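Chemist: Just so it is clear, I am handing over upload_33.txt, which has compact mmCIF, C-alpha atoms.
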# COMPACT_ATOMS: atom_id res chain seq x y z
CA MET A 1 0.00 0.00 0.00
CA ASP A 2 1.24 3.40 -0.97
CA ASN A 3 1.28 5.55 2.13
CA GLY A 4 1.16 9.27 1.80
CA THR A 5 4.44 11.09 2.21
CA VAL A 6 5.50 14.73 2.01
CA ARG A 7 8.76 16.25 0.82
CA LEU A 8 9.23 19.84 1.92
CA ILE A 9 11.39 22.29 0.00
CA LEU A 10 11.99 25.79 1.30
CA GLN A 11 13.32 28.31 -1.20
CA ASP A 12 13.41 31.94 -0.16
CA ASP A 13 9.96 32.62 1.24
CA VAL A 14 8.25 29.84 -0.61
CA LEU A 15 7.62 26.44 0.94
CA THR A 16 6.71 23.69 -1.49
CA ALA A 17 5.10 20.55 -0.09
CA VAL A 18 5.42 17.77 -2.65
CA LEU A 19 2.76 15.26 -1.67
CA SER A 20 2.98 11.70 -2.90
CA GLY A 21 1.15 8.42 -2.53
CA GLU A 22 -2.45 8.21 -1.46
CA ILE A 23 -4.31 10.87 0.51
CA ASP A 24 -7.12 9.68 2.74
CA HIS A 25 -8.24 10.32 6.32
CA HIS A 26 -5.50 7.95 7.55
CA THR A 27 -2.53 9.35 5.63
CA ALA A 28 -3.60 13.01 5.70
CA GLN A 29 -2.91 13.25 9.40
CA GLY A 30 0.83 12.63 9.11
CA MET A 31 1.09 14.92 6.09
CA ARG A 32 -0.71 17.67 7.94
CA GLU A 33 1.59 17.44 10.97
CA GLU A 34 4.74 17.53 8.84
CA ILE A 35 3.61 20.51 6.78
CA ASP A 36 2.34 22.49 9.77
CA PHE A 37 5.54 21.91 11.74
CA THR A 38 7.67 23.38 8.94
CA VAL A 39 5.23 26.20 8.18
CA ASN A 40 5.20 27.26 11.82
CA GLN A 41 8.97 27.15 11.95
CA SER A 42 9.79 28.92 8.70
CA LYS A 43 6.70 31.13 8.33
CA PRO A 44 6.80 31.22 4.51
CA LYS A 45 4.98 33.89 2.49
CA LYS A 46 3.69 31.23 0.15
CA LEU A 47 2.87 27.55 0.60
CA ILE A 48 2.55 25.42 -2.51
CA LEU A 49 0.81 22.07 -2.20
CA SER A 50 1.84 20.00 -5.19
CA PHE A 51 -0.37 17.02 -6.02
CA GLU A 52 1.72 15.90 -8.99
CA HIS A 53 2.80 12.63 -7.37
CA VAL A 54 -0.48 11.84 -5.65
CA GLY A 55 -2.07 8.69 -7.04
CA PHE A 56 -5.30 8.87 -5.07
CA MET A 57 -7.17 11.45 -3.07
CA ASP A 58 -10.59 11.47 -1.42
CA SER A 59 -12.27 14.30 0.45
CA ALA A 60 -9.53 14.15 3.12
CA GLY A 61 -7.45 16.03 0.55
CA ILE A 62 -9.97 18.86 0.69
CA GLY A 63 -9.67 18.96 4.46
CA LEU A 64 -5.91 19.14 4.02
CA ILE A 65 -6.22 22.09 1.63
CA ILE A 66 -8.76 23.99 3.76
CA GLY A 67 -6.74 23.50 6.94
CA ARG A 68 -3.52 24.73 5.28
CA TYR A 69 -5.42 27.68 3.80
CA LYS A 70 -6.52 28.70 7.30
CA LEU A 71 -2.99 28.29 8.64
CA MET A 72 -1.45 30.40 5.87
CA GLU A 73 -4.18 32.99 6.28
CA SER A 74 -3.40 33.28 9.98
CA LEU A 75 0.25 33.95 9.07
CA GLY A 76 -0.69 36.49 6.42
CA GLY A 77 0.59 34.20 3.67
CA GLU A 78 -0.79 32.66 0.52
CA LEU A 79 -1.72 29.09 -0.41
CA VAL A 80 -1.28 27.69 -3.91
CA VAL A 81 -2.52 24.27 -4.99
CA SER A 82 -0.85 22.78 -8.04
CA HIS A 83 -0.99 19.75 -10.34
CA LEU A 84 -4.45 18.42 -9.53
CA SER A 85 -5.56 15.51 -11.71
CA PRO A 86 -8.98 15.78 -13.38
CA LYS A 87 -10.47 13.47 -10.71
CA MET A 88 -9.03 15.62 -7.92
CA GLU A 89 -10.36 18.72 -9.64
CA GLN A 90 -13.79 17.13 -9.58
CA ILE A 91 -13.64 16.83 -5.77
CA VAL A 92 -12.15 20.30 -5.44
CA SER A 93 -14.95 21.80 -7.50
CA LEU A 94 -17.57 20.03 -5.35
CA SER A 95 -16.02 21.63 -2.29
CA GLY A 96 -15.78 25.18 -3.56
CA VAL A 97 -12.22 25.31 -2.23
CA GLY A 98 -11.15 27.01 -5.44
CA LYS A 99 -12.52 30.21 -3.97
CA LEU A 100 -10.01 30.05 -1.12
CA ALA A 101 -6.77 28.77 -2.58
CA LYS A 102 -5.14 29.68 -5.83
CA ILE A 103 -5.28 26.66 -8.14
CA GLU A 104 -2.33 26.43 -10.47
CA LYS A 105 -1.80 24.02 -13.29
CA GLY A 106 1.59 25.30 -14.35
CA GLU A 107 5.00 23.93 -13.55
CA THR A 108 6.56 24.24 -10.17
CA ASN A 109 10.32 24.42 -10.07
CA TYR A 110 10.97 22.18 -7.10
CA ASP A 111 12.41 19.45 -9.31
CA GLN A 112 15.72 21.21 -9.70
CA ALA A 113 15.92 21.60 -5.97
CA ASN A 114 15.61 17.92 -5.26
CA GLU A 115 17.86 16.54 -7.96
CA MET B 1 -33.87 -10.52 -10.51
CA ILE B 2 -30.67 -10.95 -12.49
CA LYS B 3 -28.04 -13.09 -10.83
CA PRO B 4 -24.64 -11.49 -10.25
CA MET B 5 -21.79 -13.02 -12.22
CA ASN B 6 -19.59 -12.82 -9.15
CA GLU B 7 -19.73 -11.56 -5.60
CA MET B 8 -17.51 -11.20 -2.56
CA SER B 9 -17.66 -9.96 0.97
CA LEU B 10 -15.09 -8.82 3.45
CA SER B 11 -15.04 -7.59 7.01
CA PHE B 12 -12.36 -5.73 8.88
CA LEU B 13 -11.80 -3.57 11.95
CA SER B 14 -12.50 0.15 11.83
CA CYS B 15 -8.80 1.11 12.00
CA SER B 16 -7.99 4.01 9.70
CA ALA B 17 -5.14 2.00 8.17
CA ASN B 18 -7.87 -0.16 6.58
CA GLU B 19 -9.19 2.69 4.42
CA GLY B 20 -6.55 1.95 1.79
CA PHE B 21 -7.03 -1.79 2.16
CA ALA B 22 -10.79 -1.54 1.61
CA ARG B 23 -10.68 0.60 -1.54
CA ALA B 24 -7.78 -1.41 -3.04
CA THR B 25 -9.56 -4.71 -2.41
CA VAL B 26 -12.90 -3.56 -3.83
CA SER B 27 -11.22 -2.10 -6.90
CA ALA B 28 -9.20 -5.30 -7.43
CA PHE B 29 -12.45 -7.28 -7.41
CA VAL B 30 -14.27 -4.89 -9.74
CA ALA B 31 -11.29 -5.08 -12.12
CA GLN B 32 -12.88 -8.28 -13.51
CA LEU B 33 -15.34 -6.06 -15.36
CA ASP B 34 -12.45 -4.34 -17.15
CA PRO B 35 -13.34 -0.84 -15.98
CA THR B 36 -11.68 2.32 -17.24
CA VAL B 37 -9.10 4.09 -15.09
CA GLY B 38 -11.69 6.77 -14.38
CA GLU B 39 -14.33 4.27 -13.29
CA ILE B 40 -11.91 2.53 -10.92
CA SER B 41 -10.90 5.88 -9.48
CA ASP B 42 -14.57 6.79 -8.91
CA ILE B 43 -15.23 3.51 -7.11
CA LYS B 44 -12.08 3.78 -4.98
CA THR B 45 -13.01 7.31 -3.95
CA ALA B 46 -16.60 6.40 -3.05
CA VAL B 47 -15.53 3.33 -1.04
CA SER B 48 -12.89 5.38 0.74
CA GLU B 49 -15.50 7.97 1.77
CA ALA B 50 -17.94 5.33 3.00
CA VAL B 51 -15.32 3.48 5.03
CA THR B 52 -13.97 6.74 6.46
CA ASN B 53 -17.50 7.60 7.61
CA CYS B 54 -17.71 4.27 9.47
CA ILE B 55 -14.37 4.93 11.16
CA ILE B 56 -14.90 8.59 12.08
CA HIS B 57 -18.61 8.64 12.78
CA ALA B 58 -20.16 5.19 13.27
CA TYR B 59 -17.38 3.95 15.54
CA ARG B 60 -16.27 7.34 16.85
CA ASP B 61 -14.70 6.28 20.14
CA VAL B 62 -14.65 2.55 19.63
CA ILE B 63 -13.30 -0.01 17.21
CA GLY B 64 -15.92 -2.11 15.47
CA MET B 65 -16.35 -4.24 12.38
CA ILE B 66 -17.03 -2.85 8.93
CA TYR B 67 -18.68 -5.17 6.42
CA ILE B 68 -18.44 -4.73 2.66
CA SER B 69 -20.07 -6.84 0.01
CA VAL B 70 -19.69 -6.35 -3.72
CA LYS B 71 -21.74 -7.83 -6.54
CA ILE B 72 -20.85 -7.49 -10.19
CA PHE B 73 -23.20 -8.21 -13.08
CA GLU B 74 -22.74 -9.21 -16.74
CA ASN B 75 -24.17 -5.89 -17.90
CA GLY B 76 -21.43 -3.98 -16.08
CA LYS B 77 -23.41 -3.10 -12.99
CA VAL B 78 -21.51 -2.92 -9.70
CA VAL B 79 -23.32 -2.92 -6.36
CA ILE B 80 -21.29 -2.17 -3.24
CA ARG B 81 -22.79 -2.42 0.23
CA ILE B 82 -20.93 -0.93 3.20
CA ARG B 83 -22.38 -1.72 6.59
CA ASP B 84 -21.46 -0.94 10.19
CA LYS B 85 -22.98 -1.66 13.58
CA GLY B 86 -22.07 1.75 14.93
CA CYS B 87 -23.99 4.64 16.42
CA GLY B 88 -26.26 5.28 13.43
CA ILE B 89 -27.24 8.59 11.84
CA GLU B 90 -30.01 10.61 13.45
CA ASP B 91 -30.75 12.85 10.49
CA ILE B 92 -29.59 11.38 7.17
CA GLU B 93 -30.64 14.40 5.11
CA LYS B 94 -28.59 16.66 7.36
CA ALA B 95 -25.59 14.33 7.15
CA LYS B 96 -25.78 14.43 3.35
CA GLU B 97 -25.64 18.21 3.26
CA PRO B 98 -22.40 19.45 1.72
CA LEU B 99 -19.94 20.98 4.17
CA TYR B 100 -21.90 19.66 7.15
CA SER B 101 -19.61 17.58 9.34
CA THR B 102 -19.42 16.47 12.92
CA GLY B 103 -15.96 15.04 12.29
CA GLY B 104 -13.81 17.94 13.43
CA GLU B 105 -12.32 20.89 11.65
CA GLU B 106 -10.08 19.02 9.21
CA ARG B 107 -13.07 17.21 7.76
CA ALA B 108 -14.59 18.85 4.72
CA GLY B 109 -18.08 17.41 5.17
CA LEU B 110 -18.11 16.12 1.61
CA GLY B 111 -18.30 12.35 2.08
CA PHE B 112 -21.86 11.67 0.96
CA MET B 113 -21.65 14.32 -1.73
CA VAL B 114 -18.56 12.69 -3.23
CA MET B 115 -20.20 9.24 -3.09
CA GLU B 116 -23.31 10.61 -4.79
CA SER B 117 -21.43 12.37 -7.54
CA PHE B 118 -18.90 9.60 -8.27
CA MET B 119 -21.46 6.77 -8.34
CA ASP B 120 -24.75 6.44 -10.23
CA GLN B 121 -26.81 5.73 -7.15
CA MET B 122 -26.45 5.96 -3.38
CA LYS B 123 -28.86 4.69 -0.75
CA VAL B 124 -28.37 5.28 2.96
CA THR B 125 -30.37 3.56 5.66
CA SER B 126 -29.61 3.96 9.32
CA LYS B 127 -30.94 3.21 12.76
CA VAL B 128 -29.64 5.11 15.76
CA GLY B 129 -27.79 2.73 18.05
CA LYS B 130 -27.91 -0.08 15.46
CA GLY B 131 -25.81 1.05 12.53
CA THR B 132 -25.80 2.29 8.97
CA VAL B 133 -25.92 0.71 5.52
CA VAL B 134 -24.73 2.54 2.43
CA VAL B 135 -25.45 0.95 -0.95
CA LEU B 136 -23.54 2.34 -3.90
CA GLN B 137 -24.28 1.44 -7.47
CA LYS B 138 -22.52 2.15 -10.73
CA GLU B 139 -23.00 0.94 -14.29
CA LEU B 140 -19.68 0.53 -16.01
CA GLU B 141 -19.48 1.12 -19.70
CA ARG B 142 -19.14 -2.19 -21.45
CA LYS B 143 -16.57 -2.40 -24.19
CA GLN B 144 -17.29 -6.04 -24.90
CA ALA B 145 -19.42 -8.66 -23.27
CA LYS B 146 -17.25 -10.75 -20.99
CA SER B 147 -17.94 -13.62 -18.66
CA ALA B 148 -16.36 -14.67 -15.41
CA ASN B 149 -15.92 -18.21 -16.70
CA GLY B 150 -14.14 -16.79 -19.71
How does this structure look as structure tokens?
Modeler:
Amino acid sequence: MDNGTVRLILQDDVLTAVLSGEIDHHTAQGMREEIDFTVNQSKPKKLILSFEHVGFMDSAGIGLIIGRYKLMESLGGELVVSHLSPKMEQIVSLSGVGKLAKIEKGETNYDQANE
Amino acid sequence: MIKPMNEMSLSFLSCSANEGFARATVSAFVAQLDPTVGEISDIKTAVSEAVTNCIIHAYRDVIGMIYISVKIFENGKVVIRIRDKGCGIEDIEKAKEPLYSTGGEERAGLGFMVMESFMDQMKVTSKVGKGTVVVLQKELERKQAKSANG
């Protein structure tokens, strides 16, 4: 079973959380704790949640996005959600979360950072 | 009543680690119908929501058994029944409302809505103190007629 993992990359004031594996109620908890710990430590201006390497997501992913939106809002920062698959977009559009976070389809440049 | 071409049932404890197990097992079984990637993803998502509901709500402070049965039919129909013996739902219509959740602030309150929109049909029956049954149904698009006996 593919458990959800997070890789965190901090560049300047931008924290990118590269999520991978499967996001459900079980795996979201660990992801949330890891992201929040680093956000609270580094207080970035922008948090990017990248879903590029996520194979599966249910509505727990929406909870993850909403919770991180609230956290970034409390720090006066911005949340960007990137690389949602069409199925994930379907859940996102049901939730109306698009009104809170900026949804980006474009490339993120974390790949250079982790090579 | 048409007879299913195959059926299975499984039961497991309401540990959150079983969310992935449940959706993977159901999707592996449904794979016999040669579904599309999108159809499998829809079924996995709906099962994941239903099982999560059992874990978070039905068995809130306890661990109990979750029962799933799946029937597949020649015409591509899939019927999935997810049952618990948990606390039951007092007001099903309220529980179905989008963004309504009693599961804490990291829960989006979208479970039933996702099940409804990813499957063709959803039926919820519940008795307070006895448990809840969710029946999900989806007709897969048939590329070719296939049989289990091949």
Chemist: What is the atom CA of Leu64 of chain A-atom CA of Ser11 of chain B distance in Å, reported with one decimal?
Modeler: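 Taking atom CA of Leu64 of chain A as the start and atom CA of Ser11 of chain B as the end point, the length is 28.4 Å.
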Chemist: Sort by chain and increasing residue number a table of all residues of chain A within 8 Å of chain B, each with its closest pair of atoms and their distance in Å to one decimal, counting only C-alpha atoms, and write it as CSV.
Modeler:
residue,atom,partner,partner_atom,distance
A:Met1,CA,B:Gly20,CA,7.1
A:Asp24,CA,B:Ser48,CA,7.5
A:His25,CA,B:Thr52,CA,6.8
A:His26,CA,B:Ser16,CA,5.1
A:Phe56,CA,B:Ser41,CA,7.7
A:Met57,CA,B:Thr45,CA,7.2
A:Asp58,CA,B:Thr45,CA,5.4
A:Ser59,CA,B:Leu110,CA,6.2
A:Ala60,CA,B:Arg107,CA,6.6
A:Ile62,CA,B:Ala108,CA,6.1
A:Gly63,CA,B:Glu106,CA,4.8
A:Leu64,CA,B:Glu106,CA,6.7
A:Ile66,CA,B:Glu106,CA,7.5
A:Gly67,CA,B:Glu106,CA,6.0
A:Lys87,CA,B:Ser41,CA,7.7
A:Ile91,CA,B:Val114,CA,6.9
A:Leu94,CA,B:Val114,CA,7.7
A:Ser95,CA,B:Leu110,CA,7.1
Chemist: Kindly indicate which residue among A:Arg7, A:Lys45, A:Arg32, A:His83 lies nearest to Arg68 of chain A, using all atoms listed in the file for the distances.
Modeler: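 The closest residue to Arg68 of chain A is A:Arg32.
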Chemist: When distances are computed from all atoms listed in the file, which of A:Ser50, A:Gln41, A:Ser74, A:Thr27 shows the smallest separation from Lys102 of chain A?
Modeler: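 Checking each candidate against Lys102 of chain A, we get A:Ser50 as the closest.
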Chemist: Please determine, counting only C-alpha atoms, which residue among A:Val6, A:Val80, A:Leu71, A:Val14 has the shortest atom-to-atom distance to Leu49 of chain A.
Modeler: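 The answer is A:Val80, which sits nearest to Leu49 of chain A.
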Chemist: Padding of 6 Å on every side, edges along x, y and z, all listed atoms of segment 39-50 of chain A included: what centre and edge lengths in Å, to one decimal, does that box have, as JSON?
Modeler:
{"center_x": 5.3, "center_y": 26.9, "center_z": 3.4, "size_x": 21.0, "size_y": 25.9, "size_z": 29.1}
Chemist: Quick one: residues within 9 Å of Cys54 of chain B, only C-alpha atoms counted, chain neighbours fewer than 2 positions away excluded, as a PyMOL selection string?
Modeler: chain B and resi 14+49-52+56-60+64+66+82-86+132
Chemist: For a quick check of understanding, using all atoms listed in the file, which of A:Pro86, A:Gly55, A:Gly98, A:Pro44 has the smallest distance to Leu19 of chain A?
Modeler: A:Gly55
Chemist: Quick one: pull the distance between atom CA of Tyr69 of chain A and atom CA of Ala101 of chain A, Å, one decimal.
Modeler: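 Atom-to-atom, atom CA of Tyr69 of chain A and atom CA of Ala101 of chain A are spaced 6.6 Å apart.
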Chemist: Using only C-alpha atoms, which residues sit within 6 Å of Val54 of chain A once same-chain residues fewer than 5 positions away are excluded, as a VMD selection string?
Modeler: chain A and resid 20 to 22
Chemist: Between atom CA of Pro4 of chain B and atom CA of Lys71 of chain B, what distance in Å does the model show, to one decimal?
Modeler: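 These two atoms are separated by 6.0 Å.
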Chemist: Please identify all polymer residues within 6 Å of Leu47 of chain A, counting all atoms listed in the file, omitting same-chain residues fewer than 2 positions from it, and present them as a list in words.
Modeler: Val14, Leu15, Thr16 and Leu79 of chain A
Chemist: Have a look at B:Ile43, B:Ile68, B:Val37, B:Leu136 and name the one nearest to Leu13 of chain B; count all atoms listed in the file.
Modeler: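 Checking each candidate against Leu13 of chain B, we get B:Ile68 as the closest.
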Chemist: Which is closest to Ile2 of chain B among B:Ala28, B:Ile72, B:Ile40, B:Asp34, if we use only C-alpha atoms?
Modeler: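 Result for the nearest residue to Ile2 of chain B: B:Ile72.
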Chemist: What's around Ser85 of chain A at 8 Å? Count all atoms listed in the file, leave out sequence neighbours fewer than 4 positions away in its own chain, and write the answer as a short mmCIF file (atom, residue, chain, number, x, y, z; two decimals) with C-alpha atoms, in the coordinates of the input.
Modeler:
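See result.cif below for the written result:
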data_model
loop_
_atom_site.label_atom_id
_atom_site.label_comp_id
_atom_site.auth_asym_id
_atom_site.auth_seq_id
_atom_site.Cartn_x
_atom_site.Cartn_y
_atom_site.Cartn_z
CA PHE A 51 -0.37 17.02 -6.02
CA GLU A 52 1.72 15.90 -8.99
CA GLU A 89 -10.36 18.72 -9.64
#
